[in-house]
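structure-v3.cif (mmCIF, C-alpha atoms and all ligand atoms)
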```
data_run
#
loop_
_atom_site.label_atom_id
_atom_site.label_comp_id
_atom_site.auth_asym_id
_atom_site.auth_seq_id
_atom_site.Cartn_x
_atom_site.Cartn_y
_atom_site.Cartn_z
CA MET A 1 66.25 111.23 45.30
CA MET A 2 69.84 110.05 45.15
CA PHE A 3 72.02 112.45 47.19
CA TRP A 4 75.56 112.49 48.54
CA ALA A 5 77.01 113.01 52.01
CA GLU A 6 79.22 116.12 52.20
CA ARG A 7 77.70 117.53 49.01
CA ASP A 8 73.95 117.58 49.63
CA SER A 9 72.05 118.33 52.81
CA PRO A 10 68.85 116.54 53.87
CA GLU A 11 67.18 119.99 53.97
CA MET A 12 68.03 120.59 50.31
CA VAL A 13 66.58 117.19 49.38
CA ARG A 14 63.42 117.83 51.40
CA SER A 15 63.07 121.32 49.89
CA LEU A 16 62.51 119.64 46.52
CA GLY A 17 59.37 118.01 47.92
CA VAL A 18 61.00 114.60 48.22
CA ARG A 19 60.29 112.26 51.14
CA PHE A 20 62.47 109.24 50.29
CA GLY A 21 66.18 109.26 49.60
CA GLN A 22 69.22 107.18 48.83
CA LEU A 23 72.36 108.41 50.52
CA GLY A 24 75.70 108.05 48.73
CA ILE A 25 78.76 107.76 50.95
CA PRO A 26 81.87 109.06 49.18
CA ALA A 27 85.31 107.74 50.08
CA GLY A 28 86.65 109.23 53.29
CA VAL A 29 83.32 110.03 54.93
CA GLU A 30 83.50 108.86 58.53
CA LEU A 31 81.07 106.14 59.51
CA THR A 32 81.33 106.25 63.30
CA ASP A 33 78.46 105.86 65.76
CA LYS A 34 78.61 109.62 66.25
CA ALA A 35 78.29 110.28 62.50
CA ALA A 36 75.35 107.87 62.30
CA ALA A 37 73.61 109.64 65.20
CA ARG A 38 74.19 113.00 63.47
CA TRP A 39 72.71 111.70 60.22
CA LYS A 40 69.77 110.15 62.01
CA ALA A 41 68.91 113.46 63.66
CA ALA A 42 69.35 115.46 60.43
CA LEU A 43 67.18 113.05 58.42
CA GLN A 44 64.51 113.06 61.09
CA ALA A 45 64.52 116.86 61.27
CA ALA A 46 64.11 117.03 57.48
CA GLY A 47 61.34 114.40 57.46
CA LEU A 48 63.34 112.29 55.04
CA THR A 49 63.29 108.47 54.97
CA LEU A 50 66.38 106.71 53.66
CA VAL A 51 65.78 103.56 51.63
CA THR A 52 69.33 102.81 50.47
CA VAL A 53 72.88 103.68 51.45
CA PHE A 54 75.33 103.62 48.51
CA ALA A 55 79.06 102.99 48.82
CA ALA A 56 81.67 104.65 46.59
CA TYR A 57 85.42 104.13 46.80
CA PRO A 58 88.66 106.14 46.63
CA GLY A 59 90.26 106.29 43.19
CA GLU A 60 87.13 105.63 41.14
CA ASP A 61 87.19 107.41 37.77
CA TYR A 62 84.13 107.75 35.52
CA ALA A 63 85.84 109.72 32.71
CA ASP A 64 85.28 107.04 30.06
CA ILE A 65 84.68 103.30 29.79
CA PRO A 66 88.36 102.23 30.00
CA ALA A 67 88.74 104.38 33.17
CA VAL A 68 85.62 102.77 34.69
CA LYS A 69 86.95 99.29 33.83
CA ARG A 70 90.27 100.12 35.45
CA THR A 71 89.05 101.82 38.63
CA VAL A 72 85.43 101.16 39.60
CA GLY A 73 83.98 98.79 42.17
CA PHE A 74 85.26 95.33 43.08
CA VAL A 75 86.83 94.61 39.67
CA PRO A 76 90.33 96.08 40.25
CA PRO A 77 92.08 93.30 42.21
CA ASP A 78 94.49 95.55 44.17
CA THR A 79 91.75 97.49 45.96
CA ARG A 80 89.12 94.72 46.15
CA ALA A 81 89.71 93.61 49.73
CA ALA A 82 89.81 97.18 51.10
CA ARG A 83 86.64 98.10 49.24
CA VAL A 84 84.83 95.05 50.59
CA VAL A 85 85.84 96.11 54.11
CA ARG A 86 84.52 99.63 53.45
CA THR A 87 81.25 98.20 52.08
CA LEU A 88 80.76 96.17 55.25
CA GLU A 89 81.29 99.40 57.22
CA VAL A 90 78.66 101.09 55.04
CA SER A 91 76.33 98.16 55.79
CA ASP A 92 76.90 98.64 59.54
CA PHE A 93 76.34 102.39 59.18
CA ALA A 94 73.10 101.76 57.24
CA ALA A 95 71.99 99.35 59.96
CA ARG A 96 72.46 102.08 62.60
CA LEU A 97 70.18 104.27 60.48
CA ARG A 98 67.72 101.33 60.15
CA VAL A 99 68.08 101.26 56.36
CA ALA A 100 67.22 97.91 54.80
CA SER A 101 69.28 98.15 51.60
CA ILE A 102 72.83 98.97 50.59
CA ALA A 103 74.16 99.33 47.06
CA CYS A 104 77.20 100.12 44.94
CA HIS A 105 78.67 99.91 41.46
CA ILE A 106 80.65 96.66 41.43
CA GLY A 107 82.39 97.69 38.18
CA CYS A 108 82.52 96.25 34.67
CA LEU A 109 82.44 92.46 35.00
CA PRO A 110 84.80 90.64 32.64
CA ARG A 111 82.84 89.14 29.74
CA ASP A 112 84.71 85.88 30.22
CA THR A 113 83.08 84.18 33.20
CA GLY A 114 86.23 82.06 33.60
CA HIS A 115 88.37 85.18 34.24
CA GLY A 116 89.96 85.37 37.71
CA ASP A 117 88.42 88.79 38.35
CA TYR A 118 84.95 87.39 37.66
CA ALA A 119 85.35 84.82 40.44
CA GLY A 120 87.00 87.49 42.63
CA VAL A 121 84.05 89.87 42.25
CA ARG A 122 81.56 87.01 42.74
CA ASP A 123 83.26 86.08 46.03
CA ALA A 124 83.41 89.73 47.13
CA VAL A 125 79.68 90.15 46.46
CA ARG A 126 78.96 86.99 48.47
CA VAL A 127 80.87 88.41 51.45
CA VAL A 128 78.90 91.67 51.24
CA CYS A 129 75.56 89.83 50.81
CA ASP A 130 76.21 87.60 53.81
CA HIS A 131 77.20 90.54 56.02
CA ALA A 132 74.20 92.60 54.86
CA ALA A 133 71.89 89.63 55.48
CA GLY A 134 73.00 89.72 59.12
CA HIS A 135 71.45 93.21 59.30
CA GLY A 136 68.37 92.10 57.35
CA GLN A 137 69.53 94.18 54.39
CA SER A 138 69.49 93.56 50.66
CA PHE A 139 72.56 94.38 48.58
CA ALA A 140 71.63 96.04 45.28
CA LEU A 141 73.84 96.13 42.19
CA GLU A 142 73.53 99.14 39.91
CA THR A 143 72.73 98.32 36.28
CA GLY A 144 74.48 99.51 33.17
CA GLN A 145 78.11 98.52 33.32
CA GLU A 146 77.24 95.25 31.58
CA PRO A 147 74.28 94.03 29.48
CA ALA A 148 71.24 92.92 31.52
CA GLY A 149 71.70 89.26 30.56
CA GLU A 150 75.27 89.25 31.89
CA LEU A 151 74.15 90.87 35.15
CA LEU A 152 71.44 88.24 35.55
CA GLU A 153 73.95 85.44 34.87
CA PHE A 154 76.29 86.95 37.49
CA ILE A 155 73.53 87.21 40.09
CA GLY A 156 72.78 83.53 39.49
CA GLN A 157 76.47 82.72 40.03
CA VAL A 158 76.57 84.67 43.32
CA ASP A 159 73.50 82.74 44.47
CA ARG A 160 72.43 84.84 47.45
CA ALA A 161 68.77 85.49 48.30
CA ASN A 162 69.32 89.14 49.34
CA LEU A 163 71.12 90.17 46.13
CA ARG A 164 68.98 92.68 44.23
CA ILE A 165 69.19 95.36 41.53
CA ASN A 166 69.14 99.15 41.58
CA PHE A 167 67.89 99.78 38.05
CA ASP A 168 69.30 102.86 36.31
CA PRO A 169 67.94 103.15 32.75
CA ALA A 170 70.33 105.97 31.82
CA ASN A 171 73.38 103.85 32.61
CA MET A 172 72.29 101.24 30.06
CA ILE A 173 72.39 104.05 27.48
CA LEU A 174 75.52 105.87 28.73
CA TYR A 175 77.55 102.64 28.69
CA GLY A 176 75.86 101.41 25.50
CA THR A 177 74.95 98.11 27.18
CA GLY A 178 71.40 97.78 25.91
CA GLU A 179 67.93 99.19 25.48
CA PRO A 180 66.63 99.99 28.99
CA MET A 181 63.03 98.78 28.51
CA ALA A 182 64.15 95.33 27.37
CA ALA A 183 66.63 95.24 30.28
CA LEU A 184 63.88 96.16 32.74
CA GLU A 185 61.66 93.40 31.43
CA LEU A 186 64.43 90.87 32.02
CA LEU A 187 65.50 92.17 35.44
CA ALA A 188 62.19 93.38 36.93
CA PRO A 189 61.71 90.57 39.47
CA LEU A 190 65.02 91.53 41.12
CA VAL A 191 64.64 95.32 41.00
CA ILE A 192 64.38 96.76 44.51
CA SER A 193 65.09 100.40 43.68
CA VAL A 194 65.21 102.66 40.65
CA HIS A 195 67.18 105.69 39.51
CA CYS A 196 65.21 108.03 37.29
CA LYS A 197 68.09 109.43 35.28
CA ASP A 198 68.39 110.32 31.61
CA GLY A 199 71.10 110.34 28.99
CA ASP A 200 72.09 109.97 25.37
CA TRP A 201 73.96 107.09 23.73
CA PRO A 202 77.74 107.31 23.20
CA ALA A 203 78.78 109.07 19.98
CA PRO A 204 79.26 106.44 17.28
CA GLY A 205 82.84 105.68 16.32
CA VAL A 206 84.48 107.09 19.48
CA ALA A 207 86.04 104.06 21.15
CA GLY A 208 85.52 103.89 24.90
CA ALA A 209 83.38 107.03 25.12
CA LEU A 210 80.49 107.19 27.53
CA GLY A 211 77.23 108.78 26.48
CA ARG A 212 76.17 112.12 27.93
CA GLU A 213 73.99 112.37 31.01
CA ARG A 214 71.04 114.72 30.50
CA PRO A 215 68.34 116.31 32.66
CA LEU A 216 65.40 113.96 33.24
CA GLY A 217 63.07 113.97 30.24
CA LYS A 218 65.68 115.44 27.86
CA GLY A 219 67.60 112.28 26.99
CA SER A 220 67.00 109.00 25.20
CA VAL A 221 65.46 106.95 28.05
CA GLY A 222 61.89 107.96 27.30
CA ILE A 223 61.04 108.55 30.94
CA GLY A 224 57.28 108.37 30.37
CA ARG A 225 57.65 104.92 28.83
CA PHE A 226 59.98 103.94 31.65
CA VAL A 227 57.52 104.93 34.39
CA GLU A 228 54.77 103.09 32.51
CA ALA A 229 56.97 99.97 32.20
CA LEU A 230 57.68 100.10 35.96
CA ARG A 231 53.98 100.33 36.64
CA LYS A 232 53.30 97.34 34.36
CA ALA A 233 56.05 95.37 36.09
CA GLY A 234 54.26 95.97 39.40
CA PHE A 235 57.03 98.16 40.86
CA SER A 236 55.43 100.21 43.62
CA ARG A 237 58.36 101.58 45.63
CA PRO A 238 59.35 105.26 45.63
CA LEU A 239 61.16 106.47 42.48
CA LYS A 240 64.53 108.23 42.95
CA VAL A 241 65.66 111.07 40.77
CA GLU A 242 69.39 111.10 40.07
CA ARG A 243 71.43 113.81 38.37
CA GLU A 244 75.21 113.95 38.32
CA THR A 245 76.45 117.19 36.88
CA GLU A 246 79.34 119.25 38.24
CA ASP A 247 77.58 122.59 38.56
CA HIS A 248 75.67 122.61 41.86
CA GLU A 249 72.93 125.06 40.87
CA GLU A 250 72.32 123.36 37.55
CA ARG A 251 72.13 120.01 39.35
CA VAL A 252 69.66 121.17 42.01
CA GLY A 253 67.52 122.88 39.34
CA ASP A 254 67.50 119.72 37.20
CA LEU A 255 66.63 117.60 40.25
CA ALA A 256 63.72 119.91 41.11
CA ARG A 257 62.42 119.74 37.52
CA GLY A 258 62.92 115.96 37.56
CA VAL A 259 60.79 115.62 40.70
CA GLN A 260 58.04 117.71 39.09
CA LEU A 261 58.18 115.67 35.88
CA LEU A 262 57.87 112.38 37.79
CA ARG A 263 54.98 113.75 39.80
CA ARG A 264 53.14 114.63 36.57
CA LEU A 265 53.85 111.22 35.09
CA LEU A 266 52.70 109.39 38.20
CA LEU A 267 49.45 111.35 38.25
CA ALA A 268 48.85 110.78 34.53
MG MG A 301 72.49 105.57 39.15
#
```

Please render this file's structure as structure tokens.
Amino acid sequence: MMFWAERDSPEMVRSLGVRFGQLGIPAGVELTDKAAARWKAALQAAGLTLVTVFAAYPGEDYADIPAVKRTVGFVPPDTRAARVVRTLEVSDFAARLRVASIACHIGCLPRDTGHGDYAGVRDAVRVVCDHAAGHGQSFALETGQEPAGELLEFIGQVDRANLRINFDPANMILYGTGEPMAALELLAPLVISVHCKDGDWPAPGVAGALGRERPLGKGSVGIGRFVEALRKAGFSRPLKVERETEDHEERVGDLARGVQLLRRLLLA
């Protein structure tokens, strides 16, 4: 399950019957040795194994697509250097917890590969990859903010062996960047982790609108098909449920139902 420091506790995650997690680190969370030791003890006590640590940054806004383009990841030039520094700190923190993968949203890549921000993001990703490699970690890019083909082209441009993909089928739908099954087929060899999240496509004719995230199984992903496609692609790592809704109780309830749904699908 994907969960967030300072919002979710390891006990809550474990209470849903989950054994593997991805920890999101919001802006401002301290990443000292002491904090790492605290997390290590809490995870151990809950019997939870972390497989990825995610970085998020101050000032990111997911209200709609223009806001994402303006504020998310390594794309905005003014905050790029500071966010790279923070990501390296997240990599160090993950290393203290013995986690072999870090991840983030790098933002909406410019479509024009000759754009200065494209080269800027490519160089930023190289810096993160090289630092993570020193810890034996992969660096995973979340799907959805660009079509799968553009992500693949970008990964080729970065040209680092430890650059991987965290595949989120719902994001492909929410951002309207392509049919998730076709995207999975294209990206499967690079997929190191997966978000099981659901959603509906953006309303037609509303410029810049994101689609609506939905509880797992209630949206347009076709989660049964997705799990089957993962199986066919030979993906055998733990699946992570993700649900991002404001209301805490609704979110925990949806996560619990998501875990149960996945369990049924995996046994089918
Ligand atoms: Mg996700």

Taking all atoms listed in the file into account, list the residues no farther than 9 Å from ligand MG 301 (chain A), as a list of chain:residue names.
A:Met2, A:His105, A:Glu142, A:Thr143, A:Gly144, A:Asn166, A:Phe167, A:Asp168, A:Pro169, A:Ala170, A:Asn171, A:Val194, A:His195, A:Cys196, A:Lys197, A:Val241, A:Glu242, A:Arg243, A:Glu244

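The space between atom CA of A:Arg7 and atom CA of A:Ser236 spans 28.7 Å.
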
Give me, as a PDB file with C-alpha atoms, in the frame of the given file, all polymer residues having an atom no more than 12 Å from A:Ala95, counting only C-alpha atoms and skipping those fewer than 3 positions away in the same chain.
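Output below, filename result_33.pdb:
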```pdb
ATOM      1  CA  LEU A  31      81.070 106.140  59.510  1.00  0.00           C
ATOM      2  CA  ASP A  33      78.460 105.860  65.760  1.00  0.00           C
ATOM      3  CA  ALA A  36      75.350 107.870  62.300  1.00  0.00           C
ATOM      4  CA  ALA A  37      73.610 109.640  65.200  1.00  0.00           C
ATOM      5  CA  LYS A  40      69.770 110.150  62.010  1.00  0.00           C
ATOM      6  CA  LEU A  50      66.380 106.710  53.660  1.00  0.00           C
ATOM      7  CA  VAL A  51      65.780 103.560  51.630  1.00  0.00           C
ATOM      8  CA  THR A  52      69.330 102.810  50.470  1.00  0.00           C
ATOM      9  CA  VAL A  53      72.880 103.680  51.450  1.00  0.00           C
ATOM     10  CA  LEU A  88      80.760  96.170  55.250  1.00  0.00           C
ATOM     11  CA  GLU A  89      81.290  99.400  57.220  1.00  0.00           C
ATOM     12  CA  VAL A  90      78.660 101.090  55.040  1.00  0.00           C
ATOM     13  CA  SER A  91      76.330  98.160  55.790  1.00  0.00           C
ATOM     14  CA  ASP A  92      76.900  98.640  59.540  1.00  0.00           C
ATOM     15  CA  ARG A  98      67.720 101.330  60.150  1.00  0.00           C
ATOM     16  CA  VAL A  99      68.080 101.260  56.360  1.00  0.00           C
ATOM     17  CA  ALA A 100      67.220  97.910  54.800  1.00  0.00           C
ATOM     18  CA  SER A 101      69.280  98.150  51.600  1.00  0.00           C
ATOM     19  CA  ILE A 102      72.830  98.970  50.590  1.00  0.00           C
ATOM     20  CA  HIS A 131      77.200  90.540  56.020  1.00  0.00           C
ATOM     21  CA  ALA A 132      74.200  92.600  54.860  1.00  0.00           C
ATOM     22  CA  ALA A 133      71.890  89.630  55.480  1.00  0.00           C
ATOM     23  CA  GLY A 134      73.000  89.720  59.120  1.00  0.00           C
ATOM     24  CA  HIS A 135      71.450  93.210  59.300  1.00  0.00           C
ATOM     25  CA  GLY A 136      68.370  92.100  57.350  1.00  0.00           C
ATOM     26  CA  GLN A 137      69.530  94.180  54.390  1.00  0.00           C
ATOM     27  CA  SER A 138      69.490  93.560  50.660  1.00  0.00           C
TER      28      SER A 138
END
```

Would you list the contacts of A:Asp123 as a PDB file with C-alpha atoms, in the frame of the given file, taking every protein, DNA or RNA residue within 9 Å and counting only C-alpha atoms, but skipping same-chain residues closer than 5 positions in sequence?
```pdb
ATOM      1  CA  TYR A 118      84.950  87.390  37.660  1.00  0.00           C
ATOM      2  CA  VAL A 128      78.900  91.670  51.240  1.00  0.00           C
ATOM      3  CA  VAL A 158      76.570  84.670  43.320  1.00  0.00           C
TER       4      VAL A 158
END
```

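If you look at atom CA of A:Glu150 and atom CA of A:Cys129, they are 18.9 Å away from each other.
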
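What separates atom CA of A:Arg14 from atom CA of A:Arg237 is a distance of 18.0 Å.
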
Residue nearest A:Gly107 among A:Val13, A:Val191, A:Leu151, A:Leu266 (counting only C-alpha atoms):
A:Leu151

Counting all atoms listed in the file, the option among A:Ala81, A:Leu16, A:Val68, A:Leu163 closest to A:Val252
A:Leu16

Using all atoms listed in the file, which protein or nucleic acid residues come within 10 Å of A:Leu265? Drop anything in the same chain fewer than 5 positions from it, and give the result as a short mmCIF file (atom, residue, chain, number, x, y, z; two decimals) with C-alpha atoms, in the frame of the given file.
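Generated output (around_1.cif):
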```cif
data_model
loop_
_atom_site.label_atom_id
_atom_site.label_comp_id
_atom_site.auth_asym_id
_atom_site.auth_seq_id
_atom_site.Cartn_x
_atom_site.Cartn_y
_atom_site.Cartn_z
CA ILE A 223 61.04 108.55 30.94
CA GLY A 224 57.28 108.37 30.37
CA ARG A 225 57.65 104.92 28.83
CA VAL A 227 57.52 104.93 34.39
CA GLU A 228 54.77 103.09 32.51
CA VAL A 259 60.79 115.62 40.70
CA GLN A 260 58.04 117.71 39.09
#
```

Nearest-residue call for A:Met172, choices A:Phe154, A:Trp201, A:Trp4, A:Tyr62, using all atoms listed in the file:
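Using all atoms listed in the file, A:Met172 sits closest to A:Trp201.
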
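The point (65.0, 99.7, 29.2) has these residues within 9 Å of it when all atoms listed in the file are used: Asp168, Pro169, Ala170, Met172, Ile173, Gly178, Glu179, Pro180, Met181, Ala182, Ala183, Leu184, Glu185, Val221, Phe226 and Ala229 of chain A.
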
Closest of A:Thr32, A:Gln157, A:Ser220, A:Gln22 to A:Phe3, counting all atoms listed in the file, is A:Gln22

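Close contacts of A:Leu190, defined as residues with an atom at most 7 Å away when counting only C-alpha atoms, with chain neighbours fewer than 2 positions off set aside, comprise Arg164, Ile165, Leu187, Ala188 and Ile192 of chain A.
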